[in-house]
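Since the structure comes first, as structure tokens, the remarks are kept for the end.
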Amino acid sequence: MPQPIELWFWPTPNGIKISIALEEMGLAYKIRPINIGTGEQFTLEFQALSPNGRMPAIIDHDGPDGKPISLFESGAILQYLARKTGKFYGADERSRIEVDQWLFWQMAGLGPMAGQTHHFRHYAPAITNDQRHLAYGVSRYTNETRRLYSVIERRLQDRDYLAGDYSIADMAAWPWIIPTLQGQDLDSFPKLKAWHARIKARPAVEKGKIVGAELRRDITLASKDAEAARKVLFGQRGH
């Protein structure tokens with residue numbers, strides 16, 4: 001019996017997209033927590049798997065040639081898992097191209113821009129006294145996130161999912177729709193709102209979303225160490 005896939009994980013949108021995919025695809029896995037607030041992403045052990053020092057990463061002990069393989073970057077992991085299982089990646093090349101477009105759109109646009117929105121709206125006020133630059137950052141990224149929500153809204157005018165059938169593109173984008181943190185109102189995006197609810201109702205998504213719930217509690221309990229965590233998360237770390 002194959003060993004479970006090791007998921008090096010912290011409960012952020014990028015981590016949750018992989019736990020959702022593993023649940024959707026019915027793959028056995030175990031969590032290897034990487035506490036990004038204490039700097040575990042900078043250990044040599046983890047950077048041997050993820051040279052960029054960002055989670056998630058996986059080790060599949062039953063790789064393509066029957067030997068272990070490790071992957072970093074959540075988009076690459078999603079593509080690998082979809083190819084491995086033959087699920088959620090389209091039935092032909094044309095449909096896979098459609099999935100890839102929207103997967104890369106999430107990786108290059110929605111994730112980075114929404115992440116900057118989180119930073120300027122919720123973390124930056126505690127680390128800067130420059131209110132002019134802070135206000136610019138809040139406005140810049142909140143507006144860009146709204147634009148990206150609008151892209152999804154237009155895309156869903158004549159379909160239920162981003163690439164036609166439900167796919168890894170939806171799994172990638174869904175965890176990044178967090179309107180309360182991003183200064184957005186989902187009622188302004190009815191197609192997006194319905195899509196978000198449709199995916200949330202999937203049993204595998206519900207299971208994948210709550211992975212690491214105890215780690216989230218640890219974040220709250222460690223709030224007294226929030227300043228140290230901010231320095232780890234947003235400080236400059238070299239080699």
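Letters A, B, ... mark the chains of the structure tokens in the order given; residue numbers begin at 1 per chain; ligand numbers begin at 1, in order shown.
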Step one, run DSSP on the backbone; step two, keep only residues of segment 20-162 of chain A assigned to strand (DSSP E); then write them as a VMD selection string.
-> chain A and resid 29 to 33 57 to 60 69 to 72
DSSP helix (DSSP H, G or I) residues within segment 10-64 of chain A, listed as a list in words =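 So the helix (DSSP H, G or I) residues in segment 10-64 of chain A would be Pro13, Asn14, Gly15, Ile16, Lys17, Ile18, Ser19, Ile20, Ala21, Leu22, Glu23, Glu24, Glu40, Gln41, Phe42, Leu44, Glu45, Phe46, Gln47, Ala48 and Leu49 of chain A.
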Fewer than 4 positions away in the same chain doesn't count, so skip those; otherwise give me all residues within 12 Å of Glu206 of chain A, counting only C-alpha atoms, as an mmCIF file with N, CA, C and O atoms, in the first residue's frame.
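Ended up saving to result_37.cif:
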data_model
loop_
_atom_site.group_PDB
_atom_site.id
_atom_site.type_symbol
_atom_site.label_atom_id
_atom_site.label_comp_id
_atom_site.auth_asym_id
_atom_site.auth_seq_id
_atom_site.Cartn_x
_atom_site.Cartn_y
_atom_site.Cartn_z
ATOM 1 N N ILE A 16 -4.493 25.658 1.569
ATOM 2 C CA ILE A 16 -5.833 25.075 1.537
ATOM 3 C C ILE A 16 -6.201 24.584 0.140
ATOM 4 O O ILE A 16 -6.907 23.573 -0.002
ATOM 5 N N LYS A 17 -5.724 25.252 -0.902
ATOM 6 C CA LYS A 17 -6.059 24.763 -2.254
ATOM 7 C C LYS A 17 -5.528 23.338 -2.467
ATOM 8 O O LYS A 17 -6.159 22.539 -3.157
ATOM 9 N N SER A 19 -4.952 21.013 0.093
ATOM 10 C CA SER A 19 -5.732 20.076 0.916
ATOM 11 C C SER A 19 -7.093 19.822 0.276
ATOM 12 O O SER A 19 -7.596 18.683 0.313
ATOM 13 N N ILE A 20 -7.689 20.828 -0.341
ATOM 14 C CA ILE A 20 -8.948 20.621 -1.070
ATOM 15 C C ILE A 20 -8.740 19.638 -2.223
ATOM 16 O O ILE A 20 -9.516 18.700 -2.414
ATOM 17 N N ALA A 21 -7.682 19.842 -2.998
ATOM 18 C CA ALA A 21 -7.432 18.966 -4.148
ATOM 19 C C ALA A 21 -7.212 17.524 -3.704
ATOM 20 O O ALA A 21 -7.725 16.579 -4.320
ATOM 21 N N GLU A 23 -8.353 16.078 -1.065
ATOM 22 C CA GLU A 23 -9.654 15.520 -0.669
ATOM 23 C C GLU A 23 -10.513 15.215 -1.892
ATOM 24 O O GLU A 23 -11.143 14.150 -1.980
ATOM 25 N N GLU A 24 -10.562 16.123 -2.839
ATOM 26 C CA GLU A 24 -11.376 15.922 -4.049
ATOM 27 C C GLU A 24 -10.912 14.704 -4.838
ATOM 28 O O GLU A 24 -11.725 13.981 -5.417
ATOM 29 N N MET A 171 -10.400 25.116 -7.748
ATOM 30 C CA MET A 171 -9.788 24.821 -6.452
ATOM 31 C C MET A 171 -8.715 25.849 -6.100
ATOM 32 O O MET A 171 -8.520 26.188 -4.926
ATOM 33 N N TRP A 174 -10.762 29.499 -5.451
ATOM 34 C CA TRP A 174 -11.777 29.579 -4.401
ATOM 35 C C TRP A 174 -11.233 30.046 -3.045
ATOM 36 O O TRP A 174 -11.830 30.929 -2.409
ATOM 37 N N PRO A 175 -10.101 29.515 -2.549
ATOM 38 C CA PRO A 175 -9.650 29.936 -1.215
ATOM 39 C C PRO A 175 -9.234 31.406 -1.137
ATOM 40 O O PRO A 175 -9.115 31.955 -0.036
ATOM 41 N N ALA A 197 -20.478 29.826 -3.361
ATOM 42 C CA ALA A 197 -21.361 28.978 -2.552
ATOM 43 C C ALA A 197 -21.442 27.562 -3.113
ATOM 44 O O ALA A 197 -21.499 26.585 -2.359
ATOM 45 N N ARG A 198 -21.451 27.444 -4.430
ATOM 46 C CA ARG A 198 -21.544 26.138 -5.087
ATOM 47 C C ARG A 198 -20.334 25.266 -4.727
ATOM 48 O O ARG A 198 -20.466 24.072 -4.441
ATOM 49 N N ILE A 199 -19.163 25.871 -4.729
ATOM 50 C CA ILE A 199 -17.950 25.128 -4.401
ATOM 51 C C ILE A 199 -17.884 24.833 -2.899
ATOM 52 O O ILE A 199 -17.526 23.730 -2.479
ATOM 53 N N LYS A 200 -18.248 25.804 -2.096
ATOM 54 C CA LYS A 200 -18.226 25.607 -0.643
ATOM 55 C C LYS A 200 -19.085 24.429 -0.213
ATOM 56 O O LYS A 200 -18.773 23.741 0.763
ATOM 57 N N ALA A 201 -20.158 24.166 -0.953
ATOM 58 C CA ALA A 201 -21.089 23.095 -0.594
ATOM 59 C C ALA A 201 -20.553 21.701 -0.916
ATOM 60 O O ALA A 201 -21.143 20.705 -0.492
ATOM 61 N N ARG A 202 -19.443 21.607 -1.647
ATOM 62 C CA ARG A 202 -18.890 20.304 -1.980
ATOM 63 C C ARG A 202 -18.288 19.667 -0.718
ATOM 64 O O ARG A 202 -17.487 20.305 -0.018
ATOM 65 N N ILE A 210 -11.115 22.809 6.315
ATOM 66 C CA ILE A 210 -10.909 22.817 7.762
ATOM 67 C C ILE A 210 -9.626 22.102 8.187
ATOM 68 O O ILE A 210 -9.330 22.026 9.388
ATOM 69 N N VAL A 211 -8.860 21.604 7.219
ATOM 70 C CA VAL A 211 -7.570 21.014 7.560
ATOM 71 C C VAL A 211 -6.721 22.074 8.276
ATOM 72 O O VAL A 211 -6.656 23.214 7.855
ATOM 73 N N ALA A 213 -7.268 23.228 11.317
ATOM 74 C CA ALA A 213 -8.039 24.114 12.192
ATOM 75 C C ALA A 213 -7.313 24.352 13.505
ATOM 76 O O ALA A 213 -7.342 25.461 14.050
#
One decimal, Å: what's the distance from atom CA of Gly137 of chain A over to atom CA of Thr117 of chain A, could you say?
->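 Interatomic distance here is 7.9 Å.
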Segment 50-64 of chain A: which residues within 6 Å, counting only C-alpha atoms, same-chain residues fewer than 5 positions away excluded, as an MDAnalysis selection string?
-> chainID A and resid 5:9 15 41:42 69:72
Preceding selection exported with all heavy atoms as a compact mmCIF listing (two decimals), in the first residue's frame:
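That gives us out27.txt:
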# COMPACT_ATOMS: atom_id res chain seq x y z
N ILE A 5 0.75 10.86 0.75
CA ILE A 5 1.47 12.05 0.30
C ILE A 5 1.73 12.94 1.50
O ILE A 5 0.85 13.16 2.34
CB ILE A 5 0.66 12.79 -0.78
CG1 ILE A 5 0.64 11.96 -2.07
CG2 ILE A 5 1.22 14.18 -1.03
CD1 ILE A 5 -0.28 12.50 -3.13
N GLU A 6 2.93 13.45 1.62
CA GLU A 6 3.26 14.40 2.68
C GLU A 6 2.94 15.81 2.17
O GLU A 6 3.47 16.23 1.14
CB GLU A 6 4.74 14.32 3.06
CG GLU A 6 5.15 13.01 3.70
CD GLU A 6 6.61 12.99 4.08
OE1 GLU A 6 7.14 14.06 4.46
OE2 GLU A 6 7.23 11.91 3.97
N LEU A 7 2.10 16.52 2.89
CA LEU A 7 1.75 17.89 2.55
C LEU A 7 2.36 18.82 3.58
O LEU A 7 1.95 18.84 4.74
CB LEU A 7 0.23 18.06 2.51
CG LEU A 7 -0.30 19.49 2.37
CD1 LEU A 7 0.25 20.17 1.11
CD2 LEU A 7 -1.82 19.50 2.36
N TRP A 8 3.36 19.57 3.16
CA TRP A 8 4.02 20.56 4.02
C TRP A 8 3.17 21.83 3.93
O TRP A 8 3.09 22.46 2.87
CB TRP A 8 5.45 20.77 3.56
CG TRP A 8 6.27 19.51 3.63
CD1 TRP A 8 6.06 18.34 2.96
CD2 TRP A 8 7.44 19.30 4.43
NE1 TRP A 8 7.00 17.41 3.28
CE2 TRP A 8 7.87 17.97 4.18
CE3 TRP A 8 8.16 20.09 5.31
CZ2 TRP A 8 8.99 17.43 4.79
CZ3 TRP A 8 9.28 19.56 5.92
CH2 TRP A 8 9.69 18.24 5.68
N PHE A 9 2.57 22.21 5.06
CA PHE A 9 1.33 22.98 5.01
C PHE A 9 1.24 23.99 6.14
O PHE A 9 1.73 23.77 7.25
CB PHE A 9 0.18 21.97 5.12
CG PHE A 9 -1.20 22.55 5.31
CD1 PHE A 9 -2.00 22.82 4.20
CD2 PHE A 9 -1.71 22.79 6.58
CE1 PHE A 9 -3.28 23.32 4.37
CE2 PHE A 9 -2.99 23.29 6.75
CZ PHE A 9 -3.77 23.56 5.64
N GLY A 15 -2.09 26.93 0.90
CA GLY A 15 -2.08 25.60 1.50
C GLY A 15 -3.42 24.91 1.35
O GLY A 15 -3.49 23.72 1.03
N GLN A 41 9.64 28.00 7.49
CA GLN A 41 9.80 27.96 6.03
C GLN A 41 11.24 28.25 5.62
O GLN A 41 11.62 28.02 4.46
CB GLN A 41 8.84 28.93 5.34
CG GLN A 41 9.11 30.40 5.57
CD GLN A 41 8.42 30.95 6.80
OE1 GLN A 41 8.30 30.27 7.81
NE2 GLN A 41 7.97 32.19 6.72
N PHE A 42 12.05 28.76 6.54
CA PHE A 42 13.43 29.10 6.21
C PHE A 42 14.42 28.02 6.62
O PHE A 42 15.62 28.19 6.44
CB PHE A 42 13.82 30.43 6.88
CG PHE A 42 12.96 31.59 6.45
CD1 PHE A 42 12.18 32.26 7.38
CD2 PHE A 42 12.91 31.99 5.13
CE1 PHE A 42 11.38 33.33 6.99
CE2 PHE A 42 12.11 33.06 4.74
CZ PHE A 42 11.34 33.73 5.66
N ILE A 69 8.96 11.73 -5.23
CA ILE A 69 9.18 12.99 -5.93
C ILE A 69 8.63 14.11 -5.05
O ILE A 69 7.62 13.93 -4.37
CB ILE A 69 8.50 13.01 -7.31
CG1 ILE A 69 8.90 14.25 -8.11
CG2 ILE A 69 6.97 12.92 -7.20
CD1 ILE A 69 8.46 14.22 -9.56
N SER A 70 9.33 15.24 -5.03
CA SER A 70 8.86 16.40 -4.27
C SER A 70 8.54 17.52 -5.24
O SER A 70 9.15 17.65 -6.31
CB SER A 70 9.90 16.86 -3.25
OG SER A 70 11.07 17.34 -3.88
N LEU A 71 7.56 18.34 -4.87
CA LEU A 71 7.16 19.48 -5.68
C LEU A 71 6.90 20.67 -4.78
O LEU A 71 6.41 20.52 -3.66
CB LEU A 71 5.88 19.21 -6.47
CG LEU A 71 5.88 18.22 -7.61
CD1 LEU A 71 5.57 16.83 -7.10
CD2 LEU A 71 4.88 18.62 -8.67
N PHE A 72 7.22 21.87 -5.29
CA PHE A 72 6.80 23.10 -4.65
C PHE A 72 6.03 23.92 -5.69
O PHE A 72 5.93 23.53 -6.85
CB PHE A 72 8.00 23.87 -4.10
CG PHE A 72 8.92 24.47 -5.14
CD1 PHE A 72 8.87 25.83 -5.42
CD2 PHE A 72 9.85 23.69 -5.83
CE1 PHE A 72 9.72 26.39 -6.37
CE2 PHE A 72 10.70 24.24 -6.77
CZ PHE A 72 10.63 25.60 -7.05
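Between Met107 of chain A and the candidates A:Ala48, A:Leu78, A:Ala135, A:Ala28, the tightest atom-to-atom separation, counting only C-alpha atoms, involves A:Leu78.
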Of the candidates A:Asp100, A:Phe46, A:Gly86, A:Gln106, which shows the shortest atom-to-atom distance to Ala172 of chain A, using only C-alpha atoms?
-> A:Gln106
Go through A:Gly90, A:Pro11, A:Gly212, A:Pro190 one by one, measure the shortest atom-to-atom distance of each to Ile168 of chain A using only C-alpha atoms, and give the residue with the smallest value.
-> A:Gly90
Nearest to Ile36 of chain A, chosen from A:Trp10, A:Arg121, A:Lys191, A:Asp165, with only C-alpha atoms counted in the distances =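 That would be A:Trp10, the residue with the smallest distance to Ile36 of chain A.
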Pairwise distance, atom CA of Glu73 of chain A with atom CA of Leu215 of chain A, equals 21.1 Å
